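Reading through the structure tokens given below for one structure.
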Amino acid sequence: GVSSLGMKKKDYFKITYDLTMHIAKVLREVNPEMIFTYVSGSGTDSTEQGKVNWANVKGKTENDLLKLFDKAYMYRPGYIQPTGGLKNTYKIYKLFAPFYPVWNRLFPAYVCTLKDLGMSMLYVTLNGFKSKVFDNYAITLTGKRESERLSQRV
């Protein structure tokens, strides 16, 4: 995906919606039983009627992916705390990192870790889940479940 900042609505729609749906349709032809996971972001508007263009485009993309695949999951993370030791992390995250514990306590609905996001995707892919849309609470909950499951295997 790309940021909508400074982009024309048409260009943002083409990259965010058209490209995603094209790829999704090709993948569905190859394997209609596949599990499709899409990361949109906190603030996505599934009504497609909000005042913020990027949120409507992401909402439309989610809605159409959910119609296309029987097993599709939409992830809406807010701030994602990177895993320590990553080399390709924006420098700004180094400034934000010390604040993550505070944000996690005060605003848990808006933050998650990269580890929890990845673990959540593994958990949901392996086990399914009744919810199709994951906010930060659901990301953290399912991410912790997968981490616990894996630690019990060791």
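In the structure tokens, chains take the letters A, B, ... in the order shown, each chain's residues start at 1, and ligands count up from 1 in the order shown.
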Backbone DSSP call of alpha helix (DSSP H) for stretch 96-148 of chain A, listed as a ChimeraX atom specification | /A:96,100-106,114-127,136-148
Shell around A:Ser147 at 8 Å using only C-alpha atoms, local window under 4 positions removed, as an MDAnalysis selection string | chainID A and resid 119 143 151
Deliver the residues from the most recent selection as a file, using C-alpha atoms, as a PDB file, in the first residue's frame.
```pdb
ATOM      1  CA  MET A 119       1.359 -14.160  15.305  1.00  0.00           C
ATOM      2  CA  GLY A 143      -1.307 -12.896  18.578  1.00  0.00           C
ATOM      3  CA  SER A 151       5.703 -21.827  23.425  1.00  0.00           C
TER       4      SER A 151
END
```
Min atom-atom distance to A:Ala138 from the set A:Thr113, A:Thr83, A:Ser120, A:Thr125, counting only C-alpha atoms, belongs to A:Ser120
Length of the atom CA of A:Ser40 to atom CA of A:Ile92 vector [Å] | 21.0 Å
Best match for closeness to A:Gly118 among A:Thr20, A:Ser131, A:Thr142, A:Ser42, counting only C-alpha atoms |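 The closest residue to A:Gly118 is A:Thr142.
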Residue among A:Asn56, A:Ile35, A:Lys144, A:Pro108 lying closest to A:Tyr123, counting only C-alpha atoms =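 Of A:Asn56, A:Ile35, A:Lys144, A:Pro108, the one nearest A:Tyr123 is A:Lys144, counting only C-alpha atoms.
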In Å, how far is it from atom CA of A:Tyr17 to atom CA of A:Gly128?
->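 Separation of atom CA of A:Tyr17 and atom CA of A:Gly128: 25.0 Å.
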